[in-house]
Each structure stands twice: as structure tokens, then as C-alpha cells.
4 protein chains.
Amino acid sequence: MDKAERKEREFNLRRAEILEQAGKIFAAKGFHNTTVADIAGSSGFAVGTLYQFFESKEQLYTVMLTEKLNMMYARIRESVATEADAIRKIERLVASQFRFVEENAEFCSIFIRGDHLSLSEGSAALRKQMVSDYAVHVSFTEGVLREGICAGVLKEMDPQMMAAALTGIINSCASKWLAMMGGASLMSNIPFVIDIFLEGVRKNAQ
Amino acid sequence: MDKAERKEREFNLRRAEILEQAGKIFAAKGFHNTTVADIAGSSGFAVGTLYQFFESKEQLYTVMLTEKLNMMYARIRESVATEADAIRKIERLVASQFRFVEENAEFCSIFIRGDHLSLSEGSAALRKQMVSDYAVHVSFTEGVLREGICAGVLKEMDPQMMAAALTGIINSCASKWLAMMGGASLMSNIPFVIDIFLEGVRKNAQ
Amino acid sequence: MDKAERKEREFNLRRAEILEQAGKIFAAKGFHNTTVADIAGSSGFAVGTLYQFFESKEQLYTVMLTEKLNMMYARIRESVATEADAIRKIERLVASQFRFVEENAEFCSIFIRGDHLSLSEGSAALRKQMVSDYAVHVSFTEGVLREGICAGVLKEMDPQMMAAALTGIINSCASKWLAMMGGASLMSNIPFVIDIFLEGVRKNAQ
Amino acid sequence: MDKAERKEREFNLRRAEILEQAGKIFAAKGFHNTTVADIAGSSGFAVGTLYQFFESKEQLYTVMLTEKLNMMYARIRESVATEADAIRKIERLVASQFRFVEENAEFCSIFIRGDHLSLSEGSAALRKQMVSDYAVHVSFTEGVLREGICAGVLKEMDPQMMAAALTGIINSCASKWLAMMGGASLMSNIPFVIDIFLEGVRKNAQ
DNA sequence: GATGAATGAGGCTTCATTCAT
DNA sequence: TATGAATGAAGCCTCATTCAT
């Protein structure tokens, strides 16, 4: 019988709903200013019910963060993978990140607020996982840039440094957009980001 | 008599000592995981005494943040002001920011942990002040870049965007350095930052 | 049809299984540190199912206690009844109690831990039952001793006091054995208990 | 100045008051059915205040138990020490224990209820201390009996067994008295206890 | 002015019990 | 009838803030 299957689907739906609401509230108020009762209330469950899905407030927070981030990482990798040209890969990198930010503005504002990582010592394992996931993503970005160097279209610079610069520009634009939260689409900044990153801002002497 | 004067000097010394210690502890443990007793203990005062210098834990936190940041902003402006050449001004901007990070690594790690701004609604005024101070600093950066444009050495791009990119690169490098906290001096990255920002990473066709 | 009969037998088997497991867990962890889920888990039933056999956790606990104790009381009475001699009756009293302790060590350790009776006010009736059962048992012991007095083999003391002393010696030995849980059989202490109770510890002057 | 001294005296007074009240409530309702708020309320302090005197509810409980018990042990030892005759030492042992029970009836009923030892695993150290204190007391009792044997007034039996019997008789009488809580003084039972313990209950054949 | 003990609201978590399936 | 997910009351403990000394 597929009763178990339905059960599991139900379970995942509820879990997702909790994560969804938790994401919104954590983003709005920060980890410490959000109470478990807040999340229970807005996700339509009783407090005790949350503890059938997550071990603790911290675990709920970290799972929410980790799952969303991994979704973003996956999308970026996927988007970049379907492109062969090195320069276009960089464009895809920027574009997919910007798209994620636009589609998950609420969630992303957590990183502006930045209470990620101010967790207690208790959840060291969870934190390590996040740091490690991030490291993998950075490596991926470096890899893309390294390809560009090998292909002869990028300068022979330290790819770690290039990755840091690219990441910085992307994050800075995203933060700016999130802070203002109005006006033009973030995607419209892509050409600008690519242009600065590739060509710099100095006016070429004639 | 200058008794009042001595009093005030004493007062300011104590206050500074508290801010100093508070900065260290907040940086190490985050805002919410730091107790007022922690700060009292390590600054050598009684808990009650702190409340004669600061209205609340939040105010103490925000004042500490604001004063340090304004010190940084001031240094940057000062350093940039003594230079006439537009390109060199940008260098000074980067250099003075990097120097501040190196000299205040502990404090700056607050921004990686990022609990700045996860304050309660109560201290809206204090928060506004910080946001406003930051806006002034961004304007200043834009101003420097605008000068470069006017002087004809920078491309005629939106200075807001250029400022965002420059800020992003600087912050990203600083974060990377703070996260690793070892190896080469952050200052040694200046040429790289300037190079990427001005010239980009694309290899010039021969 | 005897369907109803089978039903009832089934019902009693399940009930007994639950009581059996509950006894083990309560003995091991105490009343308050044992959860209904613990008992459900180890008896192979769902939590909800337990509530078809017992009204509440407290009732389950008390029923378990009462049934076991009544079994013990019954065995003691039975064993004593088949003996005519007053002194031998006392021996049987001690022996059957010791045998029960040896055969139900886990259960009996509840009384060392002693959470019996730390029940809430809610179950006053259940508690009264236990106290009353115990009173009956004490009366029985007194009766045995009274017989000894009437038969002229025991001193003419208050049988209540004598019963208290005998009970105290028995319990103390049993507790000691349960606490150490190793070495010699508890039964091997019978002659000693009888000897002290009957003859005392003072050395007879020559 | 003796300000610190006064402070400490005050501290100890408050601490004692809390222990006093806690003893009453724990005795009346048991460990698990007593809330920290109960104790705070009846001792006239705020909940938080209790935590300046004791680390946790469990520690408060164990300290209360340990201090009272050690007081009892000390009194018994003291009372016995001032007597030379072996038989009289035993009398003193019984008498001082009975006196303590009479004077601390409320407290002692904890041991009838018996939630001592049903503490969580957390306070293993505290529990060990209690068990160890009890072992010392048992050794002391054995020692007294051993002296009697050496002096030739007690039979040459295993002193451990004799101690168990004596302890059992004492506890049983005390429990009986506590359970009824009325009527004659517990002390009036001393001659009886001594008589049974020394001479037994068998009627001497003429 | 300085102190630090007292306060008590509020947070996280547990678990006996219910009830829809 | 059996199930076990959902419930939410209640408990322990923390800590920013106050105030009597």
C-alpha cells in the first residue's frame, strides 16, 4: 500500500511549510529575536509539533539555512554547467545568483542582517556543514575562473583573489538591491557587474 | 577649580575602557550571547555601574559600534583628503580601510558574524544613526569616484555602481583575511584590488 | 460462539505484556523519568493503544504495583497457610518474601528508589487501595505473631511492634541484597533473620 | 571592616531559609511534584534569586538532603561517643535516631515517600556523595556492634548483618510512627527496640 | 557615585493525553 | 480497534534591569 508514501509526502509538506514560515520570520527578526512560538503560530502548528520535525530551534534555523543555500549552490552549478564559453560561464554565475536573490529576497536579507553563524557552541556540527558547503561553492567559483585563465581569456592572476573580487561585487550589488528593495530589477545590473569585473573602471587612454 | 574637569576625564576614561572590553567580548561571542555581567566583569566594574554610562545593553552595543565605525570613516576621509590624484585617492581609500581592518581585526569580525543590526525595534533611533553614517560614507566613496570620472581617468559609469563594486571587493578581501586570520598581510592585497578594480580581469588581446 | 472469550484472553495477554514491560522500565528509571512513549515502545504497542488498557500513566503505574504486590501477598499467605507450627510460619513468612524479592529483583528495586506513593493528588483512590492492601498484609503478619504468642512460643509483646520489627529486618536485608545485587543468595540469610528475631543478639551469660 | 562578614551571615541566613522551606515542600509533594516557583514563593524570594544560592533544582534538593542527613549522622556519632558501655551505645544509637525523626518528622517523611535517589543522571557526583555518606554511617553502626562483640556482650555474628537488622528495626518503627503521626512518642519505643534486638521475641522455656 | 543581590518576565523544551484516520 | 501525529500546558532556567546600601 502507498499509505506510507502519502504519509511521507504529508510529512514533507508540513516540514516545508514550517521551513518556509521560519525563513520569513528569521529573516524579519533575526535568530535571537524570533521565538519558537512565533514560528509555530505563523506556520499554523502547535509549539510541540515543531519538535517532531526539528530537534531544536537552532536545528530548525540551520536546516532552513542549509537547504536554501544548497538549493542556490545547485542552481548556480547547474546553470554554469550548461555553458561552455568561459566568459559566459561567469555571466551565468552572476545571473543565477542574482536570480536567486530576487526570488528569495526575504531569505537573503538574513545575510545582510547576518545572524548566520552567531549560533551557540551546541550545534558545531551543523555550523561546520555550512562552512564546508560554502567552501565548496568558493572552490567552484575559483574553478570557473581557472578555466578562463587556462582558456587564455582571463589574466594569469591568483584565482582565489579573482573569486574573492567577483563574489564581493556580486554580494555588494545584491545587498544594495536588498537594502533599497525597490526600483530596477537586480538582473539589470548583470552587464555592469560583468563589465567592471572583466574590464575595470579605468578609462582607456586614447 | 578644575575638579569638574578631572571628573569628566575620569568619566571618559572609564567609559572608553568599558567600550574597549565590550568590543572584544561582543566580537568574540556575538550580541545575544554576551551578558552584561560578562562586560562588567572584564571591564572591572560592577553591573550597576555600567548603567551609569549606558542606558541599556543595546545602547552600549550601538555606541561601541558607532564610535569605532566613525573613527574608521574619519581616518579614511583624512587619508584620502591629503591626496590630489584621483587614482591615488582610490588607493588611499582601499589602504586606509585595510589598515583599519588589520588594526581592529577583533572588532571587524563582528561584521563577519554580522549581528550588527539584529537589534530589537526599541532602538530604532540608534539604528537609523548607523545606517545614516554608512550612507554618508558611501556618498563619500561615490564622490571620490565621481572626481575620477570628471578628471577623465575613470569611465563614465554610474558612480553608485562603481562604489558598490569597489566596496564589495574591499569587504570581500577583508572578510577572507579575517576568516583565515593568518599568512600574508591584508595590505599586500592592495595592488591586486586596485588592479582588478581599474583594469578588470580579462586578458587583453594582443 | 467463544469469540468474546478469545477476545478477552487476547486483551488480558496484551495488558499483561504492557504491565510486564512497564514494571521493568519504571524500576529502571523511576516513575517521573519514564515516559508513556517508553512503555509503548518496549511493549510493542502504540501510545494511543495503552490508553485503551489504562486510564492514565498513573493508573498504569499503580495497577502494576498493586497487582505485583498482591501477588506477593498472596504467595506469602499461601505459603504460611500450609504450615501449622508458629515458628515455622514465621520462617515461611521470611522465606516467601525473600523468594519473591529474588525472583522480582527488578520490580522490587522500585521500592529502594521508592517513587511509590509520590503520586499526584489525582489518584487518591488508587493510593488508598495500596495503603489498604499493605495494612491487610501487616495485619496478617501480626496475626501470625499473635498465634505464636497464644501458642506460648513468643513473648507477650505488642504484636504490632513485633510485626514492625520483623518487617524491618526483612526489608533491610532485602534492600541490602538489592543494593549490592551480587554474591550470596538472599535466601541464605533466612536462618540469620530468624535467629536474630527470635533470640536477639545478646550473648547469653554462662 | 566586618561588612563582608555581615554579608556572609545574611547570605547564610537566606540560604538556610530556602533550604528550610524547600525541605518542607519537597517532603510534602516529592521532588518532581515540587516546582521551583513553589519553593521561591514559600521562601519569599523570586525564582531567579534561588539560582544565586543553588545551581539547579536538583542541587538544591541534594544539598538540603545532604546537610540534614549529615546533621543527623553527626548527632548520632556525638551521642554514641559520650558513652562507654557497648549496650548503652546501642541505646544511644536508637535514641538519637528516634529523636532526630521526631524533631524532623516533615523532613524524614521524604524517605518514606522515598524520592531520594530518583534524580537524573546529571547529578551523579551529588548522588555519590550521599551514598558514600550513608556507607560511612553504616560502617559506624557496624563498628559499634563490633565493639559489643569484642566486649563479649554480643554474639559472634557478622556485624554487617547485625547492623542491617538494627537499622531495619529502627527504620521500620520510625516509618510506622511517621505514617500514623499520632499518639505516643517515638522515643517510648526505645526499650522495645532494644529488647527485641538484644533478646529476641521467643519466649524462654522455663 | 558605586555596588551587586534581587527581581520576574519570557524563552526553550518535554510529554501526558486526545482524536482523526 | 489500533495508531501516532498533534496539542499546549507547564517546568526549569537566564539575564537585563533596578534599587537599597
# chains A, B, ... in the order shown; residues from 1 in each chain; ligands from 1

call {"tool": "interface_residues", "arguments": {"of": "chain B", "to": "chain E", "cutoff": "9 Å", "atoms": "only C-alpha atoms (C1' of nucleotides)", "output": "list of chain:residue names"}}
result
B:Phe45, B:Ala46, B:Val47, B:Gly48, B:Thr49

call {"tool": "residues_around", "arguments": {"residues": "stretch 51-56 of chain C", "least_positions_apart": "2", "cutoff": "10 Å", "atoms": "only C-alpha atoms (C1' of nucleotides)", "output": "MDAnalysis selection string"}}
result
(chainID C and resid 11:12 14:16 18:19 36 46:49 58:63 123) or (chainID E and resid 16:18) or (chainID F and resid 1:2)

call {"tool": "closest_atom_pairs", "arguments": {"of": "chain B", "to": "chain A", "cutoff": "9 Å", "atoms": "only C-alpha atoms", "output": "tab-separated table"}}
result
residue	atom	partner	partner_atom	distance
B:Lys29	CA	A:Ser118	CA	7.6
B:Gly30	CA	A:Ser118	CA	6.1
B:Phe31	CA	A:Ser118	CA	8.6
B:His32	CA	A:His32	CA	7.0
B:Asn33	CA	A:Ser120	CA	7.7
B:Phe111	CA	A:Gly114	CA	8.0
B:Ile112	CA	A:Gly114	CA	7.6
B:Arg113	CA	A:Leu117	CA	6.0
B:Gly114	CA	A:Gly114	CA	4.4
B:Asp115	CA	A:Asp115	CA	5.2
B:His116	CA	A:Arg113	CA	6.9
B:Leu117	CA	A:Arg113	CA	5.9
B:Ser118	CA	A:Gly30	CA	5.8
B:Leu119	CA	A:Asn33	CA	8.2
B:Ser120	CA	A:Asn33	CA	7.2
B:Gly148	CA	A:Arg202	CA	8.9
B:Ile149	CA	A:Lys203	CA	8.5
B:Gly152	CA	A:Lys203	CA	7.1
B:Val153	CA	A:Lys203	CA	5.3
B:Leu154	CA	A:Arg202	CA	4.4
B:Lys155	CA	A:Lys203	CA	4.6
B:Glu156	CA	A:Lys203	CA	8.0
B:Met157	CA	A:Val201	CA	8.0
B:Met161	CA	A:Cys173	CA	7.8
B:Met162	CA	A:Val201	CA	7.6
B:Ala164	CA	A:Ser172	CA	5.8
B:Ala165	CA	A:Ile169	CA	4.7
B:Leu166	CA	A:Ile169	CA	7.4
B:Thr167	CA	A:Ser172	CA	7.0
B:Gly168	CA	A:Gly168	CA	4.1
B:Ile169	CA	A:Gly168	CA	4.7
B:Ile170	CA	A:Gly168	CA	7.5
B:Asn171	CA	A:Gly168	CA	6.7
B:Ser172	CA	A:Gly168	CA	4.7
B:Cys173	CA	A:Ala164	CA	6.2
B:Lys176	CA	A:Ala164	CA	7.6
B:Asn189	CA	A:Met161	CA	8.8
B:Phe192	CA	A:Met161	CA	8.0
B:Val193	CA	A:Ala165	CA	7.8
B:Asp195	CA	A:Gly200	CA	8.1
B:Ile196	CA	A:Gly200	CA	6.3
B:Phe197	CA	A:Gly200	CA	5.1
B:Leu198	CA	A:Gly200	CA	4.4
B:Glu199	CA	A:Gly200	CA	4.1
B:Gly200	CA	A:Gly200	CA	3.9
B:Val201	CA	A:Leu198	CA	4.7
B:Arg202	CA	A:Leu154	CA	4.4
B:Lys203	CA	A:Lys155	CA	4.6
B:Asn204	CA	A:Val153	CA	8.0
B:Ala205	CA	A:Val153	CA	8.3

call {"tool": "closest_atom_pairs", "arguments": {"of": "chain F", "to": "chain B", "cutoff": "9 Å", "atoms": "only C-alpha atoms (C1' of nucleotides)", "output": "Markdown table"}}
result
| residue | atom | partner | partner_atom | distance |
| --- | --- | --- | --- | --- |
| F:DC15 | C1' | B:Thr35 | CA | 7.2 |
| F:DA16 | C1' | B:Val36 | CA | 7.4 |
| F:DT17 | C1' | B:Ser56 | CA | 8.3 |
| F:DT18 | C1' | B:Gly48 | CA | 8.6 |

call {"tool": "atom_distance", "arguments": {"atom1": "atom CA of C:Met71", "atom2": "atom CA of C:Gln129"}}
result
14.6 Å

call {"tool": "residues_around", "arguments": {"residues": "C:Tyr134", "least_positions_apart": "3", "cutoff": "12 Å", "atoms": "only C-alpha atoms (C1' of nucleotides)", "output": "VMD selection string"}}
result
chain C and resid 65 to 66 69 to 70 72 to 74 127 to 131 137 to 141 167

call {"tool": "write_last_selection", "arguments": {"atoms": "C-alpha atoms", "output": "PDB file, in the first residue's frame"}}
result
ATOM      1  CA  LEU C  65       2.390  -2.022  41.576  1.00  0.00           C
ATOM      2  CA  THR C  66      -0.813  -3.313  43.086  1.00  0.00           C
ATOM      3  CA  LEU C  69       2.257  -6.670  45.421  1.00  0.00           C
ATOM      4  CA  ASN C  70      -0.967  -8.606  45.717  1.00  0.00           C
ATOM      5  CA  MET C  72       3.423 -11.298  46.661  1.00  0.00           C
ATOM      6  CA  TYR C  73       0.940 -11.018  49.497  1.00  0.00           C
ATOM      7  CA  ALA C  74      -0.974 -13.986  48.121  1.00  0.00           C
ATOM      8  CA  ARG C 127      -3.192   5.204  46.520  1.00  0.00           C
ATOM      9  CA  LYS C 128      -5.696   4.362  49.211  1.00  0.00           C
ATOM     10  CA  GLN C 129      -6.067   0.917  47.727  1.00  0.00           C
ATOM     11  CA  MET C 130      -2.342   0.318  48.009  1.00  0.00           C
ATOM     12  CA  VAL C 131      -2.146   1.575  51.535  1.00  0.00           C
ATOM     13  CA  HIS C 137      -0.651  -7.588  54.902  1.00  0.00           C
ATOM     14  CA  VAL C 138       0.614  -6.072  58.117  1.00  0.00           C
ATOM     15  CA  SER C 139      -2.446  -7.415  59.913  1.00  0.00           C
ATOM     16  CA  PHE C 140      -1.705 -10.801  58.509  1.00  0.00           C
ATOM     17  CA  THR C 141       1.839 -10.664  59.829  1.00  0.00           C
ATOM     18  CA  THR C 167       9.147  -6.385  58.684  1.00  0.00           C
TER      19      THR C 167
END

call {"tool": "select_by_dssp", "arguments": {"residues": "stretch 40-148 of chain C", "states": "alpha helix (DSSP H)", "output": "number ranges by chain"}}
result
C: 40-43, 47-53, 57-81, 86-103, 105-113, 124-148

call {"tool": "atom_distance", "arguments": {"atom1": "atom CA of B:Ala135", "atom2": "atom CA of A:Thr34"}}
result
28.0 Å

call {"tool": "closest_residue", "arguments": {"among": "B:Pro159, B:Gly23, B:Gly143, B:Gly44", "to": "B:Arg77", "atoms": "only C-alpha atoms"}}
result
B:Gly143

call {"tool": "decode", "arguments": {"residues": "stretch 68-104 of chain C", "atoms": "N, CA and C atoms", "output": "PDB file, in the first residue's frame"}}
result
ATOM      1  N   LYS C  68       1.390  -6.703  41.339  1.00  0.00           N
ATOM      2  CA  LYS C  68       2.584  -7.428  41.766  1.00  0.00           C
ATOM      3  C   LYS C  68       2.580  -7.633  43.266  1.00  0.00           C
ATOM      4  N   LEU C  69       2.246  -6.575  43.965  1.00  0.00           N
ATOM      5  CA  LEU C  69       2.257  -6.670  45.421  1.00  0.00           C
ATOM      6  C   LEU C  69       1.239  -7.693  45.899  1.00  0.00           C
ATOM      7  N   ASN C  70       0.057  -7.661  45.292  1.00  0.00           N
ATOM      8  CA  ASN C  70      -0.967  -8.606  45.717  1.00  0.00           C
ATOM      9  C   ASN C  70      -0.535 -10.036  45.429  1.00  0.00           C
ATOM     10  N   MET C  71       0.201 -10.184  44.308  1.00  0.00           N
ATOM     11  CA  MET C  71       0.739 -11.499  44.023  1.00  0.00           C
ATOM     12  C   MET C  71       1.669 -11.930  45.162  1.00  0.00           C
ATOM     13  N   MET C  72       2.504 -10.971  45.572  1.00  0.00           N
ATOM     14  CA  MET C  72       3.423 -11.298  46.661  1.00  0.00           C
ATOM     15  C   MET C  72       2.662 -11.615  47.943  1.00  0.00           C
ATOM     16  N   TYR C  73       1.709 -10.781  48.278  1.00  0.00           N
ATOM     17  CA  TYR C  73       0.940 -11.018  49.497  1.00  0.00           C
ATOM     18  C   TYR C  73       0.294 -12.405  49.429  1.00  0.00           C
ATOM     19  N   ALA C  74      -0.278 -12.703  48.287  1.00  0.00           N
ATOM     20  CA  ALA C  74      -0.974 -13.986  48.121  1.00  0.00           C
ATOM     21  C   ALA C  74      -0.021 -15.149  48.339  1.00  0.00           C
ATOM     22  N   ARG C  75       1.147 -15.051  47.737  1.00  0.00           N
ATOM     23  CA  ARG C  75       2.113 -16.136  47.877  1.00  0.00           C
ATOM     24  C   ARG C  75       2.512 -16.325  49.324  1.00  0.00           C
ATOM     25  N   ILE C  76       2.716 -15.211  49.984  1.00  0.00           N
ATOM     26  CA  ILE C  76       3.116 -15.302  51.377  1.00  0.00           C
ATOM     27  C   ILE C  76       2.015 -15.988  52.183  1.00  0.00           C
ATOM     28  N   ARG C  77       0.790 -15.542  51.992  1.00  0.00           N
ATOM     29  CA  ARG C  77      -0.321 -16.130  52.758  1.00  0.00           C
ATOM     30  C   ARG C  77      -0.437 -17.620  52.476  1.00  0.00           C
ATOM     31  N   GLU C  78      -0.314 -17.950  51.216  1.00  0.00           N
ATOM     32  CA  GLU C  78      -0.411 -19.338  50.792  1.00  0.00           C
ATOM     33  C   GLU C  78       0.675 -20.183  51.461  1.00  0.00           C
ATOM     34  N   SER C  79       1.866 -19.656  51.402  1.00  0.00           N
ATOM     35  CA  SER C  79       2.999 -20.405  51.946  1.00  0.00           C
ATOM     36  C   SER C  79       2.858 -20.592  53.452  1.00  0.00           C
ATOM     37  N   VAL C  80       2.402 -19.552  54.110  1.00  0.00           N
ATOM     38  CA  VAL C  80       2.266 -19.622  55.559  1.00  0.00           C
ATOM     39  C   VAL C  80       1.110 -20.547  55.956  1.00  0.00           C
ATOM     40  N   ALA C  81       0.065 -20.516  55.145  1.00  0.00           N
ATOM     41  CA  ALA C  81      -1.155 -21.261  55.497  1.00  0.00           C
ATOM     42  C   ALA C  81      -0.906 -22.761  55.581  1.00  0.00           C
ATOM     43  N   THR C  82       0.025 -23.266  54.786  1.00  0.00           N
ATOM     44  CA  THR C  82       0.259 -24.714  54.734  1.00  0.00           C
ATOM     45  C   THR C  82       1.164 -25.202  55.853  1.00  0.00           C
ATOM     46  N   GLU C  83       1.364 -24.343  56.816  1.00  0.00           N
ATOM     47  CA  GLU C  83       2.265 -24.725  57.913  1.00  0.00           C
ATOM     48  C   GLU C  83       1.529 -24.491  59.235  1.00  0.00           C
ATOM     49  N   ALA C  84       1.641 -25.409  60.117  1.00  0.00           N
ATOM     50  CA  ALA C  84       0.891 -25.300  61.367  1.00  0.00           C
ATOM     51  C   ALA C  84       1.714 -24.677  62.488  1.00  0.00           C
ATOM     52  N   ASP C  85       2.966 -25.027  62.578  1.00  0.00           N
ATOM     53  CA  ASP C  85       3.811 -24.568  63.685  1.00  0.00           C
ATOM     54  C   ASP C  85       4.091 -23.067  63.613  1.00  0.00           C
ATOM     55  N   ALA C  86       3.946 -22.388  64.734  1.00  0.00           N
ATOM     56  CA  ALA C  86       4.051 -20.935  64.757  1.00  0.00           C
ATOM     57  C   ALA C  86       5.438 -20.453  64.299  1.00  0.00           C
ATOM     58  N   ILE C  87       6.463 -21.062  64.830  1.00  0.00           N
ATOM     59  CA  ILE C  87       7.813 -20.649  64.448  1.00  0.00           C
ATOM     60  C   ILE C  87       8.056 -20.897  62.967  1.00  0.00           C
ATOM     61  N   ARG C  88       7.616 -22.049  62.509  1.00  0.00           N
ATOM     62  CA  ARG C  88       7.815 -22.357  61.089  1.00  0.00           C
ATOM     63  C   ARG C  88       7.006 -21.412  60.216  1.00  0.00           C
ATOM     64  N   LYS C  89       5.894 -20.951  60.721  1.00  0.00           N
ATOM     65  CA  LYS C  89       5.117 -19.962  59.964  1.00  0.00           C
ATOM     66  C   LYS C  89       5.945 -18.701  59.739  1.00  0.00           C
ATOM     67  N   ILE C  90       6.644 -18.301  60.791  1.00  0.00           N
ATOM     68  CA  ILE C  90       7.488 -17.117  60.652  1.00  0.00           C
ATOM     69  C   ILE C  90       8.578 -17.363  59.623  1.00  0.00           C
ATOM     70  N   GLU C  91       9.140 -18.533  59.675  1.00  0.00           N
ATOM     71  CA  GLU C  91      10.160 -18.881  58.674  1.00  0.00           C
ATOM     72  C   GLU C  91       9.590 -18.791  57.268  1.00  0.00           C
ATOM     73  N   ARG C  92       8.403 -19.321  57.129  1.00  0.00           N
ATOM     74  CA  ARG C  92       7.776 -19.281  55.805  1.00  0.00           C
ATOM     75  C   ARG C  92       7.537 -17.830  55.359  1.00  0.00           C
ATOM     76  N   LEU C  93       7.139 -17.024  56.311  1.00  0.00           N
ATOM     77  CA  LEU C  93       6.906 -15.613  56.023  1.00  0.00           C
ATOM     78  C   LEU C  93       8.164 -14.972  55.440  1.00  0.00           C
ATOM     79  N   VAL C  94       9.247 -15.205  56.138  1.00  0.00           N
ATOM     80  CA  VAL C  94      10.513 -14.628  55.679  1.00  0.00           C
ATOM     81  C   VAL C  94      10.919 -15.231  54.345  1.00  0.00           C
ATOM     82  N   ALA C  95      10.851 -16.546  54.279  1.00  0.00           N
ATOM     83  CA  ALA C  95      11.331 -17.237  53.080  1.00  0.00           C
ATOM     84  C   ALA C  95      10.542 -16.827  51.843  1.00  0.00           C
ATOM     85  N   SER C  96       9.222 -16.762  51.975  1.00  0.00           N
ATOM     86  CA  SER C  96       8.442 -16.447  50.774  1.00  0.00           C
ATOM     87  C   SER C  96       8.676 -15.002  50.339  1.00  0.00           C
ATOM     88  N   GLN C  97       8.907 -14.146  51.312  1.00  0.00           N
ATOM     89  CA  GLN C  97       9.196 -12.750  50.937  1.00  0.00           C
ATOM     90  C   GLN C  97      10.570 -12.657  50.246  1.00  0.00           C
ATOM     91  N   PHE C  98      11.532 -13.335  50.780  1.00  0.00           N
ATOM     92  CA  PHE C  98      12.861 -13.333  50.167  1.00  0.00           C
ATOM     93  C   PHE C  98      12.822 -13.952  48.767  1.00  0.00           C
ATOM     94  N   ARG C  99      12.053 -15.032  48.654  1.00  0.00           N
ATOM     95  CA  ARG C  99      11.993 -15.661  47.336  1.00  0.00           C
ATOM     96  C   ARG C  99      11.403 -14.685  46.324  1.00  0.00           C
ATOM     97  N   PHE C 100      10.341 -14.010  46.742  1.00  0.00           N
ATOM     98  CA  PHE C 100       9.724 -13.042  45.832  1.00  0.00           C
ATOM     99  C   PHE C 100      10.729 -11.966  45.420  1.00  0.00           C
ATOM    100  N   VAL C 101      11.485 -11.481  46.371  1.00  0.00           N
ATOM    101  CA  VAL C 101      12.464 -10.442  46.055  1.00  0.00           C
ATOM    102  C   VAL C 101      13.506 -10.972  45.070  1.00  0.00           C
ATOM    103  N   GLU C 102      13.953 -12.183  45.300  1.00  0.00           N
ATOM    104  CA  GLU C 102      14.951 -12.742  44.383  1.00  0.00           C
ATOM    105  C   GLU C 102      14.390 -12.899  42.981  1.00  0.00           C
ATOM    106  N   GLU C 103      13.137 -13.334  42.923  1.00  0.00           N
ATOM    107  CA  GLU C 103      12.538 -13.596  41.610  1.00  0.00           C
ATOM    108  C   GLU C 103      12.063 -12.316  40.933  1.00  0.00           C
ATOM    109  N   ASN C 104      11.948 -11.258  41.677  1.00  0.00           N
ATOM    110  CA  ASN C 104      11.440  -9.999  41.111  1.00  0.00           C
ATOM    111  C   ASN C 104      12.335  -8.815  41.496  1.00  0.00           C
TER     112      ASN C 104
END
